[in-house]
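Dropping model35.cif in here (mmCIF, C-alpha atoms):
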data_start
#
loop_
_atom_site.label_atom_id
_atom_site.label_comp_id
_atom_site.auth_asym_id
_atom_site.auth_seq_id
_atom_site.Cartn_x
_atom_site.Cartn_y
_atom_site.Cartn_z
CA MET A 6 -87.54 -127.13 20.24
CA SER A 7 -84.78 -127.03 22.83
CA MET A 8 -83.16 -123.79 23.96
CA ASN A 9 -79.46 -123.38 23.27
CA TRP A 10 -78.50 -121.80 26.61
CA SER A 11 -74.85 -121.44 25.67
CA TYR A 12 -75.83 -119.28 22.69
CA LEU A 13 -78.24 -117.24 24.82
CA LYS A 14 -75.57 -116.61 27.47
CA LYS A 15 -73.36 -115.13 24.74
CA PHE A 16 -76.13 -113.34 22.87
CA VAL A 17 -77.56 -111.24 25.71
CA PRO A 18 -74.28 -109.53 26.70
CA SER A 19 -73.41 -108.97 23.03
CA TYR A 20 -76.83 -107.48 22.34
CA ARG A 21 -76.63 -105.20 25.38
CA ALA A 22 -73.17 -104.00 24.35
CA ILE A 23 -74.43 -103.12 20.86
CA VAL A 24 -77.42 -101.25 22.27
CA SER A 25 -75.15 -99.39 24.68
CA GLU A 26 -72.85 -98.33 21.83
CA LEU A 27 -75.82 -97.19 19.74
CA PHE A 28 -77.17 -95.16 22.68
CA GLU A 29 -73.83 -93.41 23.05
CA ALA A 30 -73.57 -92.67 19.33
CA GLU A 31 -77.12 -91.95 18.28
CA LEU A 32 -79.64 -91.50 21.09
CA GLN A 33 -81.25 -88.06 21.04
CA PRO A 34 -83.77 -86.47 23.39
CA ILE A 35 -87.31 -86.01 22.12
CA ASP A 36 -87.78 -82.57 20.59
CA GLY A 37 -89.05 -80.15 23.23
CA ILE A 38 -88.59 -82.49 26.21
CA GLU A 39 -86.10 -80.32 28.08
CA GLN A 40 -88.36 -77.26 27.97
CA ALA A 41 -91.35 -79.40 28.96
CA LEU A 42 -89.46 -80.79 31.96
CA ASP A 43 -88.32 -77.29 32.92
CA ASP A 44 -91.94 -76.11 32.80
CA LEU A 45 -93.22 -78.96 34.98
CA ALA A 46 -92.36 -78.06 38.56
CA GLN A 47 -93.64 -81.36 39.96
CA PRO A 48 -91.21 -84.05 41.16
CA LYS A 49 -90.44 -86.51 38.37
CA ALA A 50 -89.51 -90.17 38.08
CA VAL A 51 -88.64 -92.67 35.40
CA VAL A 52 -90.54 -95.94 35.74
CA SER A 53 -89.32 -98.56 33.30
CA SER A 54 -89.12 -102.26 32.64
CA GLY A 55 -85.58 -101.65 31.39
CA PRO A 56 -82.43 -102.37 33.39
CA PRO A 57 -81.26 -99.51 35.67
CA HIS A 58 -77.95 -99.05 33.83
CA LYS A 59 -79.78 -98.61 30.51
CA ILE A 60 -82.19 -96.06 32.01
CA LYS A 61 -79.34 -94.07 33.55
CA GLN A 62 -77.32 -94.21 30.35
CA ALA A 63 -80.25 -92.93 28.28
CA LEU A 64 -80.85 -90.06 30.70
CA ARG A 65 -77.15 -89.15 30.76
CA VAL A 66 -76.71 -89.28 26.99
CA CYS A 67 -79.81 -87.12 26.47
CA GLY A 68 -78.79 -84.67 29.20
CA LEU A 69 -81.91 -85.35 31.27
CA SER A 70 -80.49 -86.91 34.45
CA LYS A 71 -80.87 -83.67 36.41
CA TYR A 72 -84.65 -83.83 36.13
CA PHE A 73 -84.99 -87.21 37.81
CA GLY A 74 -82.17 -87.55 40.33
CA ASP A 75 -82.52 -90.84 42.16
CA ASN A 76 -86.19 -91.24 41.21
CA ILE A 77 -85.55 -94.17 38.90
CA TYR A 78 -87.74 -97.24 39.30
CA SER A 79 -86.69 -100.26 37.28
CA SER A 80 -88.54 -103.54 37.14
CA TYR A 81 -85.15 -105.18 37.60
CA ASP A 82 -84.86 -103.55 41.03
CA VAL A 83 -88.42 -103.88 42.28
CA GLY A 84 -89.46 -107.19 40.69
CA ILE A 85 -92.67 -105.74 39.24
CA TRP A 86 -93.05 -105.73 35.47
CA LYS A 87 -95.34 -103.82 33.16
CA PRO A 88 -98.22 -104.38 32.51
CA ASP A 89 -98.67 -104.75 36.29
CA PRO A 90 -99.86 -101.32 37.50
CA GLU A 91 -98.22 -101.96 40.86
CA ILE A 92 -94.92 -100.72 39.42
CA TYR A 93 -96.38 -97.20 39.12
CA ARG A 94 -98.00 -97.43 42.55
CA HIS A 95 -94.65 -98.52 43.98
CA ALA A 96 -92.92 -95.51 42.43
CA ALA A 97 -95.62 -93.14 43.70
CA ALA A 98 -95.36 -94.51 47.24
CA GLY A 99 -91.56 -94.37 47.06
CA MET A 100 -91.83 -90.66 46.33
CA GLY A 101 -94.46 -90.08 49.04
CA PHE A 102 -97.52 -89.74 46.81
CA THR A 103 -100.80 -91.55 46.25
CA SER A 104 -101.79 -92.74 42.80
CA GLU A 105 -104.39 -89.99 42.59
CA GLN A 106 -101.66 -87.37 43.07
CA CYS A 107 -99.58 -88.68 40.17
CA ALA A 108 -99.51 -88.45 36.41
CA VAL A 109 -98.04 -90.91 33.94
CA ILE A 110 -96.55 -89.74 30.68
CA ASP A 111 -95.79 -92.61 28.35
CA ASP A 112 -95.14 -93.16 24.67
CA GLY A 113 -96.42 -96.72 24.38
CA PRO A 114 -99.79 -98.43 24.67
CA VAL A 115 -98.62 -100.76 27.47
CA GLY A 116 -97.36 -97.89 29.64
CA VAL A 117 -100.56 -95.94 28.99
CA GLU A 118 -102.64 -98.95 30.04
CA VAL A 119 -100.54 -99.39 33.19
CA GLY A 120 -100.92 -95.73 34.15
CA TYR A 121 -104.66 -95.87 33.59
CA LEU A 122 -105.03 -99.10 35.61
CA ALA A 123 -102.90 -97.60 38.41
CA GLY A 124 -105.51 -94.84 38.79
CA MET A 125 -103.19 -92.05 37.67
CA ARG A 126 -103.86 -89.22 35.25
CA THR A 127 -102.34 -90.55 32.07
CA TYR A 128 -100.89 -88.74 29.07
CA PHE A 129 -100.04 -90.60 25.88
CA TYR A 130 -97.20 -89.16 23.79
CA ASN A 131 -98.89 -90.55 20.71
CA ARG A 132 -96.53 -89.78 17.83
CA PHE A 133 -98.02 -92.47 15.62
CA ASN A 134 -101.70 -91.69 16.24
CA GLU A 135 -102.35 -95.10 17.77
CA PRO A 136 -105.84 -95.89 19.01
CA CYS A 137 -106.36 -95.54 22.75
CA ASP A 138 -109.34 -97.28 24.33
CA PHE A 139 -108.95 -95.83 27.82
CA PRO A 140 -111.28 -93.00 28.79
CA ASP A 141 -109.70 -89.86 30.17
CA VAL A 142 -106.26 -90.64 28.71
CA VAL A 143 -105.00 -87.49 27.00
CA SER A 144 -103.15 -88.03 23.73
CA PHE A 145 -100.68 -85.45 22.47
CA VAL A 146 -98.05 -85.29 19.73
CA SER A 147 -95.67 -82.53 20.85
CA MET A 148 -93.74 -82.33 24.10
CA ARG A 149 -94.12 -78.57 23.86
CA SER A 150 -97.83 -78.97 24.66
CA LEU A 151 -97.30 -81.25 27.67
CA PRO A 152 -96.92 -78.62 30.43
CA GLY A 153 -100.18 -76.95 29.38
CA LEU A 154 -101.98 -80.29 29.56
CA VAL A 155 -100.54 -81.37 32.90
CA ASN A 156 -100.73 -77.99 34.62
CA THR A 157 -104.46 -77.46 33.97
#
Please render this file's structure as structure tokens.
Amino acid sequence: MSMNWSYLKKFVPSYRAIVSELFEAELQPIDGIEQALDDLAQPKAVVSSGPPHKIKQALRVCGLSKYFGDNIYSSYDVGIWKPDPEIYRHAAAGMGFTSEQCAVIDDGPVGVEVGYLAGMRTYFYNRFNEPCDFPDVVSFVSMRSLPGLVNT
């Protein structure tokens, strides 16, 4: 099967525009996230395989930009893609920390695996009660409980 590159060149920008419009109209922060971020005094970063503009838009729309500042690490910028744990190690080093000094909070099995493999304390926002085969990963279902888990 041959790839229709002309179609793909049109599809990707159209798709991204639709997603951007949906973010602006419908994206909401996770319940309790702002209080959780307020209660976590540690420096914070977003580490994502998404494009930087999409990450920044999501943070802006949800009113969360102030918690992360310039600590945004996108695979598009660093050339390291999940599930390679080096993306988390890169972010840690960029902020002046070792892996052992960091925690990963993720809502997907791939991100949880990456955090675990990077040697970081890992917390799984596990809204759908998915199985987790990694020892020492802490699953939780409410952002309100996160500060108590991380700060112990």
Residues returned when the PyMOL selection byres ((chain A and resi 91-108) around 6) runs on this file, as a ChimeraX atom specification: /A:85,89-90,109,124-127
Residues matched by the PyMOL selection byres ((chain A and resi 44) around 10), written as number ranges by chain: A: 38-43, 45-47, 149, 151-153, 156
Spatial neighbours of Val143 (chain A), max dist 10 Å, all atoms listed in the file, sep filter under 4 positions, as a list of chain:residue names: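 Counting only the stated atoms, we get A:Ile110, A:Val117, A:Arg126, A:Thr127, A:Tyr128, A:Phe129, A:Tyr130, A:Asn131, A:Cys137, A:Phe139, A:Leu151, A:Leu154, A:Val155.
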Ground truth for the PyMOL selection byres ((chain A and resi 49) around 7), written as a list in words: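 Selected by the PyMOL selection byres ((chain A and resi 49) around 7) in this file: Gln47, Pro48, Ala50, Tyr72, Phe73 and Asn76 of chain A.
Of the listed residues A:Ser147, A:Ser19, A:Gln33, A:Asn134, the one whose atoms come nearest to Leu64 (chain A) is A:Gln33, with distances taken using all atoms listed in the file.
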